[in-house]
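Just below is one structure, and these are the notes that go with it.
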Amino acid sequence: MPKNFDFTDMVKLTSSARLSSYRSTFTIADDAELFGLYSWNLELSGAFCSLIQLIEVAIRNAINEAGKKYITTEHNVHWFNVIPYSLSCEINSDVKCDGKDKLVKSAKVKGFESGIVKAERNARKMLQKKLGKDTLATPTLDQIISQTDFSVWEHILDKSFYDGDASKGYLWPKGFATAFKKMPMVTGKNRQFKQRDIIRRRVEAVRVLRNRVAHNGPIWKDACFIDRSSVIRCLEEKIADIVELAYWISPVLHAFIRDGALVQRLKSIVCAYEMNNAMYLNLSSNIDSMETLIQVLQECHVYNRRIMIQNENIKALVCANKNRFY
C-alpha cells in the first residue's frame with residue numbers, strides 16, 4: 001500500500017474508536033502504518049480462529065464422551081439432561097453453607113443448562129430446515145453437541161459438577177480419564193479439584209480470546225503491554241496456552257497441532273519482523289541473481305519469515321513452510 005494512499009474513508013468506515021487501541025499502544029507515523037497494523041491483527045485473528053475452532057471441537061467431543069460413559073441415563077435420555085450437580089449458597093457461592101442459607105443453582109449450572117436448551121433448540125431448527133417444519137424427527141446427541149456454544153464446556157468444568165465421592169455419580173473427577181488424557185501438574189492436597197480449576201480457567205481464557213477474535217478486536221488488548229516486544233510475548237503466551245490445553249485433552253491432538261500448519265502460521269505472523277512487514281517498514285530484497293534468491297529463501301526457512309522481494313517492476317512476498325516456499 002503506497003504511503004500516499006488516502007485513508008480518510010478507511011478511518012470513517014473502521015471508526016476512530018476501533019483504531020484508538022493501535023494508536024495508544026504502538027508508535028505510528030502515519031495512516032499507512034496504522035492500517036498495516038490493523039490488517040496484521042485481522043490476519044492474526046484468522047490464524048487464531050482456526051486453531052481455537054480445532055480446540056473447541058475437540059474439548060466438546062472429549063467431554064461428551066466422558067458424559068456418555070459416566071452419567072447413567074434411561075433410554076432416549078441424554079446425559080446432559082440428568083447430570084448431577086451441587087447447589088450453592090444464595091449469598092456467596094464460594095463459602096461453605098452453615099445449614100441456614102438458601103441453596104440455589106450456581107451461575108455456572110444455570111449457564112450450562114441454558115446453553116444446552118439453546119443447542120437443542122438450534123438443532124431442532126436445523127432439522128426442520130432440512131426436513132420440513134412439520135417433521136417429527138428429533139435431533140441426535142451429536143447434532144445437539146455440535147450446536148453448543150464454547151461457554152457450555154467452560155461451565156461444566158465448574159466445581160458444582162465435581163464431587164470426590166464416586167457413589168454420587170458426578171461427572172468429575174471420574175470423567176477426567178476420558179476427557180483429558182493428561183492433567184496439569186499440581187502438588188498438595190485435593191489435586192484433582194485443583195486440576196479441574198486450572199483446566200476451567202484455561203478454557204475460559206481461550207473462550208474470551210475466541211470472542212475477541214470473532215469481533216475483530218485487538219487480540220493483545222488484555223496484555224500489560226509496554227512496547228511491541230511485550231505484545232509479541234503476550235501473543236506467544238496465548239499460543240503456548242492453547243497448545244498446552246491441547247496436550248491436556250490428548251497428546252495426539254497436541255502433536256498434530258504442534259507440528260501442523262496452524263501453529264506454524266501463527267508463529268510466522270507473531271514476530272516483530274512481520275509487524276514491520278505489515279507497517280511497510282521492511283525494505284524489499286532486490287533479486288538480481290540466483291545467489292541472492294537462495295539467500296532470501298534460506299532466511300525465510302531459518303527465521304520462519306515472509307520476505308518482500310522485487311525484480312525490476314515485479315514484487316512478491318516469499319514465505320517458507322518446512323521444505324516448501326510460496
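We label chains A, B, ... in the order they appear in the C-alpha cells, count residues from 1 in each chain, and number ligands from 1 in the order shown.
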Spatial neighbours of Leu171 of chain A, 8 Å, only C-alpha atoms, chain gap at least 5 places, as number ranges by chain: A: 66-67, 70-71, 83-84, 161-162
May I have the residues within 12 Å of segment 52-56 of chain A as number ranges by chain, using only C-alpha atoms and disregarding those fewer than 5 positions away in the same chain? A: 45-47, 61-63, 145-154, 202-214, 238-239, 241-250, 253-254, 256-257, 262-263, 266
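Running DSSP on the backbone and keeping only strand (DSSP E or B), the residues of segment 85-214 of chain A that qualify are Ser88, Cys89, Leu103, Val104, Tyr162 and Trp172 of chain A.
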Residues at most 10 Å from Met10 of chain A, counting only C-alpha atoms, excluding those fewer than 5 positions away in the same chain, as a PyMOL selection string? chain A and resi 15-16+31+35
Please dump the current selection as a JSON list (two decimals), in the first residue's frame; keep N, CA and C atoms.
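Okay, this is what ended up in out.json:
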[["chain", "number", "residue", "atom", "x", "y", "z"],
["A", 15, "SER", "N", -13.80, 3.30, 12.03],
["A", 15, "SER", "CA", -14.13, 4.08, 13.23],
["A", 15, "SER", "C", -12.88, 4.39, 14.04],
["A", 16, "SER", "N", -12.80, 5.62, 14.50],
["A", 16, "SER", "CA", -11.65, 6.07, 15.30],
["A", 16, "SER", "C", -11.56, 5.31, 16.61],
["A", 31, "ASP", "N", -1.06, 6.92, 8.64],
["A", 31, "ASP", "CA", -2.20, 6.01, 8.49],
["A", 31, "ASP", "C", -1.82, 4.71, 7.78],
["A", 35, "PHE", "N", -3.04, 1.26, 9.44],
["A", 35, "PHE", "CA", -3.87, 0.23, 8.80],
["A", 35, "PHE", "C", -3.07, -1.02, 8.45]]
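Remark: for Met279 of chain A, the closest of the candidate residues A:Glu43, A:Asp134, A:Asp30, A:Asp9 is A:Asp30 (distances computed over only C-alpha atoms).
Each of A:Ile28, A:Leu13, A:Leu136, A:Ala316 was compared to Leu281 of chain A using only C-alpha atoms, and A:Ile28 turns out to be the nearest.
When only C-alpha atoms are used to compute distances to Val11 of chain A, the closest of the residues A:Val117, A:Val296, A:Leu34, A:Val231 turns out to be A:Leu34.
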Atom-to-atom span, atom CA of Arg124 of chain A and atom CA of Trp79 of chain A, Å: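 So the two atoms, atom CA of Arg124 of chain A and atom CA of Trp79 of chain A, lie 17.9 Å apart.
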With only C-alpha atoms as the atoms that count, which of A:Val318, A:Ile269, A:Ser285, A:Phe80 lies nearest to Leu297 of chain A?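 Among A:Val318, A:Ile269, A:Ser285, A:Phe80, it is A:Val318 that comes nearest to Leu297 of chain A.
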Taking the chain letters and numbering used in this document, name the residues of segment 112-229 of chain A that DSSP puts in alpha helix (DSSP H), as a PyMOL selection string. chain A and resi 112-131+141-146+150-155+176-179+191-214+228-229
Convert the current residue selection to file output with C-alpha atoms, as a compact mmCIF listing (two decimals), in the first residue's frame.
# COMPACT_ATOMS: atom_id res chain seq x y z
CA PHE A 112 -24.72 -24.86 31.32
CA GLU A 113 -28.44 -25.68 31.35
CA SER A 114 -29.42 -22.65 29.28
CA GLY A 115 -26.63 -23.43 26.82
CA ILE A 116 -27.94 -26.98 26.37
CA VAL A 117 -31.50 -25.73 25.89
CA LYS A 118 -30.27 -23.29 23.25
CA ALA A 119 -28.31 -26.06 21.48
CA GLU A 120 -31.35 -28.37 21.49
CA ARG A 121 -33.48 -25.60 20.03
CA ASN A 122 -30.95 -24.80 17.32
CA ALA A 123 -30.51 -28.47 16.44
CA ARG A 124 -34.27 -28.82 16.08
CA LYS A 125 -34.39 -25.77 13.79
CA MET A 126 -31.66 -27.28 11.64
CA LEU A 127 -33.70 -30.46 11.27
CA GLN A 128 -36.84 -28.51 10.38
CA LYS A 129 -34.93 -26.53 7.80
CA LYS A 130 -33.66 -29.75 6.25
CA LEU A 131 -36.75 -32.00 6.57
CA LEU A 141 -26.96 -36.38 20.55
CA ASP A 142 -24.22 -35.45 18.08
CA GLN A 143 -26.44 -32.86 16.40
CA ILE A 144 -27.13 -31.19 19.74
CA ILE A 145 -23.49 -31.26 20.83
CA SER A 146 -22.45 -29.64 17.56
CA PHE A 150 -17.98 -22.81 23.77
CA SER A 151 -19.17 -21.43 27.13
CA VAL A 152 -21.14 -24.65 27.79
CA TRP A 153 -17.88 -26.58 28.16
CA GLU A 154 -16.42 -23.95 30.43
CA HIS A 155 -19.49 -24.09 32.67
CA PHE A 176 -11.11 -36.86 33.76
CA ALA A 177 -9.54 -40.08 32.47
CA THR A 178 -11.79 -39.98 29.41
CA ALA A 179 -11.99 -36.24 28.71
CA ARG A 191 -5.05 -32.34 43.42
CA GLN A 192 -7.91 -33.34 41.13
CA PHE A 193 -10.01 -30.42 42.34
CA LYS A 194 -7.11 -28.06 41.60
CA GLN A 195 -6.56 -29.66 38.20
CA ARG A 196 -10.20 -29.15 37.31
CA ASP A 197 -9.98 -25.47 38.19
CA ILE A 198 -6.79 -24.99 36.17
CA ILE A 199 -8.43 -26.54 33.11
CA ARG A 200 -11.60 -24.49 33.62
CA ARG A 201 -9.62 -21.26 33.81
CA ARG A 202 -7.68 -22.16 30.69
CA VAL A 203 -10.87 -22.96 28.76
CA GLU A 204 -12.31 -19.63 29.94
CA ALA A 205 -9.22 -17.76 28.71
CA VAL A 206 -9.44 -19.44 25.30
CA ARG A 207 -13.16 -18.66 25.10
CA VAL A 208 -12.52 -14.97 25.88
CA LEU A 209 -9.85 -14.91 23.18
CA ARG A 210 -12.28 -16.57 20.78
CA ASN A 211 -14.86 -13.86 21.38
CA ARG A 212 -12.29 -11.13 20.81
CA VAL A 213 -11.21 -12.76 17.58
CA ALA A 214 -14.83 -13.07 16.44
CA ARG A 228 5.84 -4.01 20.82
CA SER A 229 8.01 -6.71 22.37
